[in-house]
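A.B. asks: I am sharing data-v9.pdb, which consists of PDB, N, CA and C atoms:
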ATOM      1  N   CYS A 158      80.135  77.481  12.613
ATOM      2  CA  CYS A 158      80.239  78.458  13.681
ATOM      3  C   CYS A 158      81.492  79.310  13.447
ATOM      4  N   ARG A 159      81.323  80.607  13.510
ATOM      5  CA  ARG A 159      82.444  81.527  13.289
ATOM      6  C   ARG A 159      82.682  82.347  14.555
ATOM      7  N   VAL A 160      83.919  82.439  14.977
ATOM      8  CA  VAL A 160      84.279  83.215  16.158
ATOM      9  C   VAL A 160      84.962  84.496  15.692
ATOM     10  N   MET A 161      84.511  85.632  16.220
ATOM     11  CA  MET A 161      85.105  86.920  15.854
ATOM     12  C   MET A 161      85.658  87.591  17.104
ATOM     13  N   ARG A 162      86.777  88.269  16.941
ATOM     14  CA  ARG A 162      87.314  89.088  18.023
ATOM     15  C   ARG A 162      86.823  90.509  17.797
ATOM     16  N   ILE A 163      86.233  91.108  18.839
ATOM     17  CA  ILE A 163      85.721  92.474  18.723
ATOM     18  C   ILE A 163      86.102  93.267  19.964
ATOM     19  N   GLY A 164      85.964  94.570  19.872
ATOM     20  CA  GLY A 164      86.168  95.447  21.021
ATOM     21  C   GLY A 164      87.590  95.414  21.555
ATOM     22  N   ASP A 165      87.721  95.367  22.882
ATOM     23  CA  ASP A 165      89.029  95.407  23.525
ATOM     24  C   ASP A 165      89.838  94.142  23.287
ATOM     25  N   CYS A 166      89.221  93.096  22.796
ATOM     26  CA  CYS A 166      89.968  91.881  22.458
ATOM     27  C   CYS A 166      90.932  92.161  21.310
ATOM     28  N   ARG A 167      90.550  93.029  20.419
ATOM     29  CA  ARG A 167      91.417  93.379  19.277
ATOM     30  C   ARG A 167      92.462  94.408  19.674
ATOM     31  N   GLN A 168      92.029  95.466  20.337
ATOM     32  CA  GLN A 168      92.965  96.495  20.807
ATOM     33  C   GLN A 168      92.275  97.322  21.886
ATOM     34  N   PRO A 169      92.993  97.689  22.939
ATOM     35  CA  PRO A 169      92.387  98.529  23.978
ATOM     36  C   PRO A 169      91.961  99.876  23.391
ATOM     37  N   SER A 170      90.796 100.345  23.794
ATOM     38  CA  SER A 170      90.272 101.590  23.255
ATOM     39  C   SER A 170      89.231 102.147  24.212
ATOM     40  N   ILE A 171      88.554 103.209  23.799
ATOM     41  CA  ILE A 171      87.503 103.790  24.630
ATOM     42  C   ILE A 171      86.240 102.937  24.530
ATOM     43  N   ILE A 172      85.344 103.119  25.467
ATOM     44  CA  ILE A 172      84.119 102.315  25.520
ATOM     45  C   ILE A 172      83.293 102.484  24.246
ATOM     46  N   ALA A 173      83.222 103.688  23.718
ATOM     47  CA  ALA A 173      82.424 103.933  22.507
ATOM     48  C   ALA A 173      82.909 103.079  21.345
ATOM     49  N   ALA A 174      84.211 102.889  21.222
ATOM     50  CA  ALA A 174      84.745 102.068  20.135
ATOM     51  C   ALA A 174      84.372 100.601  20.331
ATOM     52  N   ALA A 175      84.387 100.129  21.576
ATOM     53  CA  ALA A 175      84.004  98.746  21.851
ATOM     54  C   ALA A 175      82.516  98.528  21.579
ATOM     55  N   VAL A 176      81.694  99.501  21.944
ATOM     56  CA  VAL A 176      80.250  99.401  21.686
ATOM     57  C   VAL A 176      79.989  99.383  20.188
ATOM     58  N   TYR A 177      80.673 100.242  19.438
ATOM     59  CA  TYR A 177      80.505 100.261  17.985
ATOM     60  C   TYR A 177      80.939  98.933  17.375
ATOM     61  N   ALA A 178      82.045  98.368  17.866
ATOM     62  CA  ALA A 178      82.516  97.083  17.338
ATOM     63  C   ALA A 178      81.473  95.992  17.572
ATOM     64  N   GLY A 179      80.836  95.997  18.740
ATOM     65  CA  GLY A 179      79.776  95.029  19.014
ATOM     66  C   GLY A 179      78.570  95.239  18.122
ATOM     67  N   HIS A 180      78.209  96.498  17.899
ATOM     68  CA  HIS A 180      77.078  96.823  17.024
ATOM     69  C   HIS A 180      77.362  96.377  15.591
ATOM     70  N   LYS A 181      78.565  96.637  15.123
ATOM     71  CA  LYS A 181      78.947  96.244  13.763
ATOM     72  C   LYS A 181      78.954  94.725  13.626
ATOM     73  N   ALA A 182      79.461  94.023  14.633
ATOM     74  CA  ALA A 182      79.485  92.559  14.591
ATOM     75  C   ALA A 182      78.068  91.997  14.554
ATOM     76  N   ALA A 183      77.151  92.613  15.297
ATOM     77  CA  ALA A 183      75.761  92.147  15.301
ATOM     78  C   ALA A 183      75.110  92.355  13.940
ATOM     79  N   ARG A 184      75.410  93.489  13.278
ATOM     80  CA  ARG A 184      74.851  93.734  11.940
ATOM     81  C   ARG A 184      75.366  92.722  10.932
ATOM     82  N   GLU A 185      76.618  92.309  11.082
ATOM     83  CA  GLU A 185      77.233  91.404  10.114
ATOM     84  C   GLU A 185      77.011  89.932  10.449
ATOM     85  N   LEU A 186      76.451  89.633  11.595
ATOM     86  CA  LEU A 186      76.239  88.257  12.025
ATOM     87  C   LEU A 186      75.304  87.529  11.064
ATOM     88  N   GLY A 187      75.737  86.416  10.540
ATOM     89  CA  GLY A 187      74.919  85.615   9.653
ATOM     90  C   GLY A 187      74.873  86.111   8.221
ATOM     91  N   ARG A 188      75.580  87.179   7.912
ATOM     92  CA  ARG A 188      75.596  87.719   6.555
ATOM     93  C   ARG A 188      76.607  86.947   5.727
ATOM     94  N   ASP A 189      76.231  86.637   4.500
ATOM     95  CA  ASP A 189      77.123  85.940   3.576
ATOM     96  C   ASP A 189      78.240  86.892   3.157
ATOM     97  N   GLU A 190      79.461  86.381   3.066
ATOM     98  CA  GLU A 190      80.612  87.213   2.713
ATOM     99  C   GLU A 190      80.484  87.827   1.319
ATOM    100  N   SER A 191      79.754  87.175   0.418
ATOM    101  CA  SER A 191      79.634  87.689  -0.948
ATOM    102  C   SER A 191      78.615  88.826  -1.063
ATOM    103  N   GLU A 192      77.763  89.005  -0.047
ATOM    104  CA  GLU A 192      76.769  90.079  -0.070
ATOM    105  C   GLU A 192      77.441  91.422   0.227
ATOM    106  N   PRO A 193      76.937  92.496  -0.365
ATOM    107  CA  PRO A 193      77.474  93.815  -0.007
ATOM    108  C   PRO A 193      77.048  94.185   1.415
ATOM    109  N   PRO A 194      77.764  95.090   2.065
ATOM    110  CA  PRO A 194      77.356  95.506   3.409
ATOM    111  C   PRO A 194      75.975  96.144   3.375
ATOM    112  N   PRO A 195      75.228  96.058   4.470
ATOM    113  CA  PRO A 195      73.890  96.645   4.478
ATOM    114  C   PRO A 195      73.954  98.158   4.271
ATOM    115  N   ALA A 196      72.983  98.680   3.538
ATOM    116  CA  ALA A 196      72.925 100.121   3.284
ATOM    117  C   ALA A 196      72.491 100.842   4.553
ATOM    118  N   ARG A 197      73.055 102.000   4.778
ATOM    119  CA  ARG A 197      72.681 102.804   5.937
ATOM    120  C   ARG A 197      72.173 104.143   5.440
ATOM    121  N   ASP A 198      71.026 104.540   5.938
ATOM    122  CA  ASP A 198      70.457 105.835   5.586
ATOM    123  C   ASP A 198      70.739 106.814   6.715
ATOM    124  N   ARG A 199      71.092 108.015   6.349
ATOM    125  CA  ARG A 199      71.336 109.046   7.354
ATOM    126  C   ARG A 199      70.176 110.029   7.308
ATOM    127  N   PHE A 200      69.523 110.202   8.434
ATOM    128  CA  PHE A 200      68.422 111.140   8.539
ATOM    129  C   PHE A 200      68.881 112.323   9.385
ATOM    130  N   VAL A 201      68.657 113.524   8.884
ATOM    131  CA  VAL A 201      68.998 114.729   9.627
ATOM    132  C   VAL A 201      67.719 115.249  10.247
ATOM    133  N   ILE A 202      67.700 115.315  11.562
ATOM    134  CA  ILE A 202      66.505 115.750  12.280
ATOM    135  C   ILE A 202      66.582 117.253  12.506
ATOM    136  N   GLY A 203      65.504 117.940  12.205
ATOM    137  CA  GLY A 203      65.431 119.371  12.463
ATOM    138  C   GLY A 203      65.901 120.240  11.315
ATOM    139  N   SER A 204      66.247 119.652  10.199
ATOM    140  CA  SER A 204      66.676 120.469   9.062
ATOM    141  C   SER A 204      65.468 120.792   8.184
ATOM    142  N   ALA A 205      65.611 121.833   7.399
ATOM    143  CA  ALA A 205      64.542 122.222   6.484
ATOM    144  C   ALA A 205      64.486 121.241   5.321
ATOM    145  N   PRO A 206      63.286 120.862   4.867
ATOM    146  CA  PRO A 206      63.188 119.949   3.725
ATOM    147  C   PRO A 206      63.709 120.607   2.454
ATOM    148  N   ASP A 207      64.204 119.794   1.553
ATOM    149  CA  ASP A 207      64.741 120.301   0.276
ATOM    150  C   ASP A 207      63.637 120.678  -0.675
TER     151      ASP A 207
END
Would it be possible to restate this file's structure as structure tokens?
C.D. replies:
Amino acid sequence: CRVMRIGDCRQPSIIAAAVYAGHKAARELGRDESEPPPARDRFVIGSAPD
């Protein structure tokens, strides 16, 4: 069992930063330390195709 400090527990900040910290912790939950971070794709909505 691993305990992580996230959000305002680490440092006081705006709500968006705390929400992002929780989201990031959820993505990393159960991931092996030797694995690379999960890939993220960025999709641009409403742009013209290449």
A.B. asks: For a test of reading the model, state the distance in Å between CA of Ile163 (chain A) and CA of Ser191 (chain A), rounded to one decimal.
C.D. replies: 21.1 Å
A.B. asks: Rank A:Arg159, A:Gly203, A:Glu190, A:Gly164 by their smallest atom-to-atom distance to Ala178 (chain A), using all atoms listed in the file, and report the top residue only.
C.D. replies: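 Once distances to Ala178 (chain A) are computed over all atoms listed in the file, the minimum belongs to A:Gly164.
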A.B. asks: List the spatial neighbours of Asp165 (chain A) as a list in words - criterion: any atom at most 8 Å away, only N, CA and C atoms, same-chain residues fewer than 6 positions off excluded.
C.D. replies: Ile171, Ala174, Ala175, Val176 and Ala178 of chain A
A.B. asks: Could you state the separation of atom C of Lys181 (chain A) and atom N of Arg162 (chain A) in Å, given to one decimal place?
C.D. replies: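 Between atom C of Lys181 (chain A) and atom N of Arg162 (chain A) the gap works out to 10.7 Å.
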A.B. asks: Mind pulling up the distance from CA of Ile202 (chain A) to CA of Ala182 (chain A)?
C.D. replies: 26.7 Å
A.B. asks: Might I get the box with edges along x, y and z of the file that holds all atoms of region 162-172 of chain A listed there, padded by 5 Å on every side, given as centre and edge lengths in Å to one decimal, as lines of an AutoDock Vina configuration file?
C.D. replies:
center_x = 88.1
center_y = 96.0
center_z = 21.2
size_x = 19.7
size_y = 25.5
size_z = 18.6
